[in-house]
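Trainee: So here's target05.cif (mmCIF, C-alpha atoms).
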```
data_structure
#
loop_
_atom_site.label_atom_id
_atom_site.label_comp_id
_atom_site.auth_asym_id
_atom_site.auth_seq_id
_atom_site.Cartn_x
_atom_site.Cartn_y
_atom_site.Cartn_z
CA MET A 1 -14.83 -19.18 39.91
CA ILE A 2 -15.44 -19.02 43.67
CA HIS A 3 -12.64 -18.67 46.18
CA ARG A 4 -11.07 -21.85 47.54
CA ALA A 5 -12.04 -20.82 51.09
CA HIS A 6 -15.72 -21.02 50.15
CA VAL A 7 -15.32 -24.59 48.92
CA GLU A 8 -13.41 -25.55 52.06
CA ALA A 9 -16.16 -24.01 54.23
CA LEU A 10 -18.73 -26.08 52.36
CA ASP A 11 -16.59 -29.17 52.92
CA ARG A 12 -16.49 -28.55 56.68
CA THR A 13 -20.24 -27.97 56.74
CA LEU A 14 -20.86 -31.30 55.01
CA GLU A 15 -18.62 -33.05 57.54
CA ILE A 16 -20.64 -31.57 60.41
CA LEU A 17 -23.94 -32.55 58.81
CA GLU A 18 -22.68 -36.08 58.25
CA THR A 19 -22.07 -36.48 61.99
CA VAL A 20 -25.52 -35.11 62.84
CA ILE A 21 -27.54 -36.78 60.10
CA LYS A 22 -26.75 -40.49 60.27
CA SER A 23 -28.76 -41.40 57.20
CA TRP A 24 -28.07 -39.67 53.86
CA VAL A 25 -30.44 -39.89 50.87
CA GLY A 26 -27.78 -40.22 48.21
CA LEU A 27 -26.85 -36.52 47.99
CA ARG A 28 -23.65 -36.15 46.00
CA LEU A 29 -21.77 -32.92 45.24
CA CYS A 30 -19.23 -32.98 42.42
CA LEU A 31 -16.92 -30.14 41.37
CA LEU A 32 -15.45 -30.33 37.88
CA GLY A 33 -11.97 -29.08 37.12
CA LEU A 34 -10.89 -28.70 40.77
CA SER A 35 -8.46 -30.81 42.77
CA PRO A 36 -8.57 -29.66 46.42
CA ASN A 37 -8.02 -32.23 49.16
CA LEU A 38 -11.63 -32.25 50.32
CA THR A 39 -13.50 -35.03 52.10
CA GLY A 40 -17.14 -34.05 51.63
CA VAL A 41 -16.82 -32.86 48.04
CA LYS A 42 -16.15 -35.35 45.31
CA VAL A 43 -14.07 -34.22 42.32
CA GLY A 44 -14.33 -35.76 38.88
CA ASN A 45 -15.00 -35.20 35.19
CA ILE A 46 -18.28 -34.86 33.33
CA GLU A 47 -18.46 -38.53 32.31
CA GLU A 48 -17.93 -39.62 35.92
CA LEU A 49 -20.48 -37.08 37.14
CA ILE A 50 -23.17 -38.36 34.76
CA THR A 51 -22.41 -41.97 35.70
CA LYS A 52 -22.81 -41.13 39.40
CA VAL A 53 -25.99 -39.06 39.01
CA TYR A 54 -27.63 -41.27 36.36
CA PRO A 55 -26.34 -44.82 36.94
CA ASP A 56 -27.59 -47.38 34.41
CA ILE A 57 -29.41 -44.68 32.46
CA SER A 58 -29.24 -46.95 29.41
CA GLN A 59 -31.85 -49.08 31.23
CA ILE A 60 -34.23 -46.14 31.58
CA GLU A 61 -37.19 -48.21 30.36
CA ASN A 62 -36.91 -50.29 33.53
CA LYS A 63 -37.01 -47.28 35.88
CA ASP A 64 -40.05 -45.31 37.04
CA HIS A 65 -40.40 -41.52 37.17
CA GLN A 66 -39.39 -41.45 40.84
CA TRP A 67 -35.87 -42.50 39.85
CA MET A 68 -35.58 -39.45 37.58
CA CYS A 69 -37.23 -37.16 40.17
CA GLN A 70 -34.29 -37.65 42.51
CA ARG A 71 -31.63 -36.59 39.99
CA ALA A 72 -30.50 -33.28 38.49
CA ILE A 73 -27.30 -31.62 37.29
CA LEU A 74 -26.55 -27.88 37.43
CA ALA A 75 -23.78 -26.38 35.31
CA ALA A 76 -22.04 -23.01 35.43
CA ARG A 77 -21.33 -22.60 31.71
CA ASN A 78 -23.38 -23.19 28.58
CA SER A 79 -20.57 -25.27 27.07
CA ASN A 80 -20.85 -27.71 29.99
CA VAL A 81 -24.63 -27.73 29.65
CA ASP A 82 -24.41 -28.76 25.99
CA GLU A 83 -21.82 -31.45 26.72
CA ILE A 84 -23.85 -32.91 29.61
CA ASN A 85 -27.03 -32.99 27.56
CA ASP A 86 -25.33 -34.63 24.57
CA ILE A 87 -23.75 -37.34 26.74
CA ILE A 88 -26.99 -38.12 28.57
CA LEU A 89 -28.88 -38.31 25.28
CA SER A 90 -26.26 -40.63 23.76
CA LYS A 91 -26.58 -43.04 26.70
CA LEU A 92 -30.35 -43.38 26.32
CA PRO A 93 -31.62 -46.24 24.13
CA GLY A 94 -33.51 -45.64 20.90
CA ASP A 95 -33.25 -43.18 18.03
CA ILE A 96 -33.01 -39.42 18.34
CA VAL A 97 -36.06 -37.43 17.21
CA THR A 98 -35.25 -33.88 16.08
CA TYR A 99 -37.82 -31.08 16.28
CA THR A 100 -36.92 -27.96 14.32
CA SER A 101 -38.56 -24.63 15.03
CA ILE A 102 -40.44 -22.48 12.51
CA ASP A 103 -38.85 -19.03 12.78
CA THR A 104 -40.41 -15.95 11.19
CA VAL A 105 -40.22 -12.18 11.48
CA MET A 106 -43.53 -10.56 12.34
CA ASP A 107 -43.01 -7.52 10.11
CA GLN A 108 -42.89 -8.56 6.46
CA GLU A 109 -40.65 -5.59 5.66
CA ASP A 110 -37.93 -7.26 7.75
CA VAL A 111 -37.87 -10.46 5.68
CA VAL A 112 -35.04 -9.19 3.46
CA ASN A 113 -32.98 -7.98 6.43
CA TYR A 114 -33.34 -11.15 8.46
CA PRO A 115 -33.18 -14.31 6.27
CA GLN A 116 -34.37 -17.71 7.47
CA GLU A 117 -30.86 -19.01 8.10
CA PHE A 118 -30.12 -16.10 10.41
CA LEU A 119 -33.34 -16.60 12.37
CA ASN A 120 -32.57 -20.30 12.79
CA SER A 121 -29.15 -19.46 14.25
CA LEU A 122 -30.60 -17.27 17.02
CA ASN A 123 -30.75 -18.65 20.54
CA PRO A 124 -32.49 -15.99 22.69
CA SER A 125 -32.63 -16.47 26.43
CA GLY A 126 -35.66 -18.46 27.51
CA LEU A 127 -36.26 -20.08 24.11
CA PRO A 128 -35.41 -23.64 23.03
CA PRO A 129 -32.73 -24.18 20.36
CA HIS A 130 -33.74 -24.30 16.70
CA SER A 131 -33.04 -28.05 16.64
CA LEU A 132 -34.32 -29.85 19.73
CA ASN A 133 -33.01 -33.44 19.91
CA LEU A 134 -34.96 -35.81 22.15
CA LYS A 135 -35.33 -39.50 22.97
CA ILE A 136 -37.97 -41.41 24.89
CA GLY A 137 -36.95 -41.31 28.55
CA ALA A 138 -35.03 -38.04 28.26
CA PRO A 139 -35.48 -35.46 31.04
CA ILE A 140 -36.77 -32.07 29.85
CA ILE A 141 -37.80 -28.76 31.41
CA LEU A 142 -40.54 -26.24 30.62
CA LEU A 143 -39.42 -22.73 29.64
CA ARG A 144 -42.81 -21.01 29.94
CA ASN A 145 -45.96 -21.25 32.02
CA LEU A 146 -48.23 -23.63 30.14
CA LYS A 147 -50.96 -24.53 32.62
CA PRO A 148 -50.24 -23.23 36.14
CA PRO A 149 -49.84 -24.50 38.74
CA ASN A 150 -49.14 -27.95 37.29
CA LEU A 151 -47.11 -26.88 34.25
CA CYS A 152 -45.01 -23.80 35.00
CA ASN A 153 -41.69 -22.37 33.92
CA GLY A 154 -39.05 -24.68 35.45
CA THR A 155 -41.24 -27.78 35.72
CA ARG A 156 -39.16 -30.87 35.03
CA LEU A 157 -40.63 -33.72 32.98
CA GLN A 158 -39.60 -37.00 31.37
CA VAL A 159 -40.42 -37.88 27.77
CA LYS A 160 -42.83 -40.80 27.42
CA PHE A 161 -43.78 -40.59 23.74
CA LEU A 162 -42.65 -38.39 20.84
CA ARG A 163 -45.27 -37.38 18.27
CA ASN A 164 -45.05 -34.99 15.31
CA ASN A 165 -46.83 -32.06 16.97
CA VAL A 166 -47.08 -33.08 20.60
CA ILE A 167 -44.81 -34.57 23.26
CA VAL A 168 -46.27 -36.91 25.88
CA ALA A 169 -44.38 -36.55 29.16
CA ILE A 170 -44.54 -37.45 32.86
CA VAL A 171 -44.29 -34.59 35.36
CA LEU A 172 -41.31 -34.92 37.73
CA THR A 173 -41.69 -31.80 39.91
CA GLY A 174 -44.48 -29.65 41.32
CA PRO A 175 -48.03 -30.47 42.42
CA ALA A 176 -48.68 -32.77 39.44
CA VAL A 177 -45.82 -35.23 40.01
CA GLY A 178 -46.48 -38.54 38.24
CA GLN A 179 -49.19 -37.18 35.95
CA THR A 180 -49.01 -37.70 32.17
CA VAL A 181 -49.36 -34.45 30.20
CA LEU A 182 -49.29 -33.29 26.59
CA ILE A 183 -46.84 -30.57 25.51
CA PRO A 184 -47.89 -28.92 22.20
CA ARG A 185 -45.97 -26.66 19.85
CA ILE A 186 -46.63 -23.04 20.80
CA PRO A 187 -45.48 -19.70 19.27
CA MET A 188 -43.00 -17.75 21.39
CA ILE A 189 -41.92 -14.13 20.94
CA PRO A 190 -38.69 -12.97 22.67
CA ASN A 191 -38.60 -9.40 23.93
CA ASP A 192 -34.84 -8.87 23.99
CA LEU A 193 -34.24 -8.49 20.24
CA PRO A 194 -34.23 -5.27 18.16
CA PHE A 195 -36.88 -6.70 15.82
CA ASN A 196 -40.11 -8.69 16.18
CA PHE A 197 -39.28 -12.37 15.89
CA LYS A 198 -41.52 -15.39 16.47
CA GLU A 199 -40.46 -18.98 17.06
CA TYR A 200 -42.96 -21.82 16.76
CA ASN A 201 -41.81 -24.85 18.71
CA PHE A 202 -42.15 -26.72 22.00
CA ARG A 203 -41.59 -24.66 25.17
CA LEU A 204 -38.93 -27.12 26.27
CA ASN A 205 -35.22 -27.37 26.81
CA TYR A 206 -32.84 -29.76 28.47
CA PRO A 207 -32.78 -29.77 32.27
CA SER A 208 -29.04 -29.29 32.69
CA GLN A 209 -29.36 -25.53 32.57
CA SER A 210 -26.65 -22.95 33.08
CA GLN A 211 -26.94 -21.51 36.57
#
```
Please, can you express the file's structure as structure tokens?

Mentor:
Amino acid sequence: MIHRAHVEALDRTLEILETVIKSWVGLRLCLLGLSPNLTGVKVGNIEELITKVYPDISQIENKDHQWMCQRAILAARNSNVDEINDIILSKLPGDIVTYTSIDTVMDQEDVVNYPQEFLNSLNPSGLPPHSLNLKIGAPIILLRNLKPPNLCNGTRLQVKFLRNNVIVAIVLTGPAVGQTVLIPRIPMIPNDLPFNFKEYNFRLNYPSQSQ
């Protein structure tokens, strides 16, 4: 939704940097849904974007965590976030493991007013979805501080093993890069609802977050 002039200014900046910096590290900027005649900005669709950012992701078992550390996608709308996550997950090998949250109201008098189906449909900001679909090798992101400074809100990880009540993952960002950690199910209470609601699940979401 930015003005065309801003995109063109970015394009000129990238051209200047390319003449100064002779060696690039694989930085690639893609704009979806636009078709300006730009040289430094590549335009494409979501499938093409994922292929460029995550080439050969179906062979994720043959790649180390450094490969995933160097890749990320930011999206402007939640609809794009969901589409990107679904496509990436479908390209990974193996079966999907679904973790469903346990949602409850904290005041028993509210049980009649807020049935289980309604609680499961809620998606408050900062909480994972009711159904979290994962595969081994999938990139994930922490939504809460778990063990600072190594495991903080925004820390990116990669799934190594999927257990019933714990996820084994490799840290991709922060001071603990490369370390293997355990992510347990933890109760979370949002503070932006008119009633007291608790969700028991992993403090995780997909890394392609709306920005």

Trainee: Could you list, as JSON, numbers by chain, every residue matched by the PyMOL selection byres ((chain A and resi 206) around 10) in this structure?

Mentor: {"A": [81, 82, 84, 85, 86, 89, 128, 129, 132, 133, 134, 138, 139, 140, 141, 142, 143, 156, 157, 204, 205, 207, 208, 209]}

Trainee: Take the PyMOL selection byres ((chain A and resi 196) around 10), apply it to the structure above, and return the hits as a ChimeraX atom specification.

Mentor: /A:104-107,110,189-195,197-198

Trainee: One number please: CA of Arg203 in chain A to CA of Ile183 in chain A, in Å, one decimal.

Mentor: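 Pair CA of Arg203 in chain A / CA of Ile183 in chain A returns 7.9 Å.
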
Trainee: Once the PyMOL selection byres ((chain A and resi 50-66) around 7) has been applied to the shown file, what residues remain in the selection, as a PDB file with C-alpha atoms, keeping the file's coordinate frame?

Mentor:
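Result file follows (selection.pdb):
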```pdb
ATOM      1  CA  ILE A  46     -18.280 -34.860  33.330  1.00  0.00           C
ATOM      2  CA  GLU A  47     -18.460 -38.530  32.310  1.00  0.00           C
ATOM      3  CA  GLU A  48     -17.930 -39.620  35.920  1.00  0.00           C
ATOM      4  CA  LEU A  49     -20.480 -37.080  37.140  1.00  0.00           C
ATOM      5  CA  TRP A  67     -35.870 -42.500  39.850  1.00  0.00           C
ATOM      6  CA  MET A  68     -35.580 -39.450  37.580  1.00  0.00           C
ATOM      7  CA  CYS A  69     -37.230 -37.160  40.170  1.00  0.00           C
ATOM      8  CA  GLN A  70     -34.290 -37.650  42.510  1.00  0.00           C
ATOM      9  CA  ARG A  71     -31.630 -36.590  39.990  1.00  0.00           C
ATOM     10  CA  LYS A  91     -26.580 -43.040  26.700  1.00  0.00           C
ATOM     11  CA  LEU A  92     -30.350 -43.380  26.320  1.00  0.00           C
ATOM     12  CA  PRO A  93     -31.620 -46.240  24.130  1.00  0.00           C
ATOM     13  CA  GLY A 137     -36.950 -41.310  28.550  1.00  0.00           C
ATOM     14  CA  LEU A 172     -41.310 -34.920  37.730  1.00  0.00           C
ATOM     15  CA  GLY A 178     -46.480 -38.540  38.240  1.00  0.00           C
TER      16      GLY A 178
END
```

Trainee: For CA of Met188 in chain A and CA of Pro149 in chain A, quote the distance in Å rounded to one decimal.

Mentor: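 Result for CA of Met188 in chain A versus CA of Pro149 in chain A: 19.8 Å, one decimal.
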